[in-house]
Amino acid sequence: MVSAVARSRPLMRPALARTVMLGEALTLAVASAVHGGWLGAGHAHPQARTAEAVIATVLVLAALETWRRPAHAHTAAIAGQGFALLGTLVGLGTIVAGIGPRTVPDVVYHVLLLAGLSAGLVWTVRCRPD
């Protein structure tokens, strides 16, 4: 028996979760390219490039899982966005600690990414699985 509270939660939409995660992965891929020195000089940072590429890859794999096995979309979206959120918090921590790149665009990007990932993860958790 499904409670009224459970029924009132929005239904997980795998296509929407996939779109959100692919959008997040795209921004991380662009940030990785910037830190690789491929989209502008003066912002190269090999460790940030690698971290952003790994997080983007995990989000793409989670998005693919929502397509390959829609019944697992809820779990895949939580895992992918949770990993990305944790990785972004680590990146923000390196900026604060003075280890990572400390430019204004880096800080702004991390804060905006953190907000987007948090919103996506909260939405995903609130949704009931299909």
# chains A, B, ... in the order shown; residues from 1 in each chain; ligands from 1
>>> select_by_dssp(residues="chain A", states="helix (DSSP H, G or I)", output="count of residues only")
101
>>> closest_residue(among="A:Val20, A:Gly42, A:Ile55, A:Pro14", to="A:Pro70", atoms="only C-alpha atoms")
A:Pro14
>>> closest_residue(among="A:Ala53, A:Leu11, A:Val104, A:Ile95", to="A:Ala29", atoms="only C-alpha atoms")
A:Ala53
>>> residues_around(residues="A:Leu117", least_positions_apart="3", cutoff="12 Å", atoms="only C-alpha atoms", output="VMD selection string")
chain A and resid 17 20 to 25 27 to 28 55 59 77 to 89 109 to 114 120 to 124
>>> closest_residue(among="A:Met12, A:Ala31, A:Val107, A:Ile99", to="A:Thr50", atoms="only C-alpha atoms")
A:Ala31
>>> atom_distance(atom1="atom CA of A:Arg126", atom2="atom CA of A:Ala76")
14.3 Å
>>> closest_residue(among="A:Ala51, A:Ala71, A:Leu26, A:Leu16", to="A:Thr94", atoms="only C-alpha atoms")
A:Ala51
>>> atom_distance(atom1="atom CA of A:Ser8", atom2="atom CA of A:Glu65")
25.8 Å
>>> residues_around(residues="A:Arg9", least_positions_apart="5", cutoff="10 Å", atoms="only C-alpha atoms", output="ChimeraX atom specification")
/A:4,125-129
>>> write_last_selection(atoms="N, CA and C atoms", output="mmCIF file, in the first residue's frame")
data_model
loop_
_atom_site.group_PDB
_atom_site.id
_atom_site.type_symbol
_atom_site.label_atom_id
_atom_site.label_comp_id
_atom_site.auth_asym_id
_atom_site.auth_seq_id
_atom_site.Cartn_x
_atom_site.Cartn_y
_atom_site.Cartn_z
ATOM 1 N N ALA A 4 -0.406 8.330 1.144
ATOM 2 C CA ALA A 4 -0.758 9.569 0.454
ATOM 3 C C ALA A 4 0.460 10.470 0.306
ATOM 4 N N VAL A 125 16.151 13.109 -4.930
ATOM 5 C CA VAL A 125 15.821 12.406 -3.669
ATOM 6 C C VAL A 125 14.332 12.542 -3.367
ATOM 7 N N ARG A 126 13.766 13.717 -3.634
ATOM 8 C CA ARG A 126 12.343 13.938 -3.344
ATOM 9 C C ARG A 126 11.426 13.140 -4.260
ATOM 10 N N CYS A 127 11.906 12.825 -5.449
ATOM 11 C CA CYS A 127 11.078 12.075 -6.399
ATOM 12 C C CYS A 127 10.948 10.629 -5.950
ATOM 13 N N ARG A 128 9.795 10.062 -6.232
ATOM 14 C CA ARG A 128 9.638 8.633 -5.963
ATOM 15 C C ARG A 128 10.050 7.880 -7.225
ATOM 16 N N PRO A 129 10.659 6.729 -7.027
ATOM 17 C CA PRO A 129 11.082 5.949 -8.205
ATOM 18 C C PRO A 129 9.898 5.596 -9.078
#
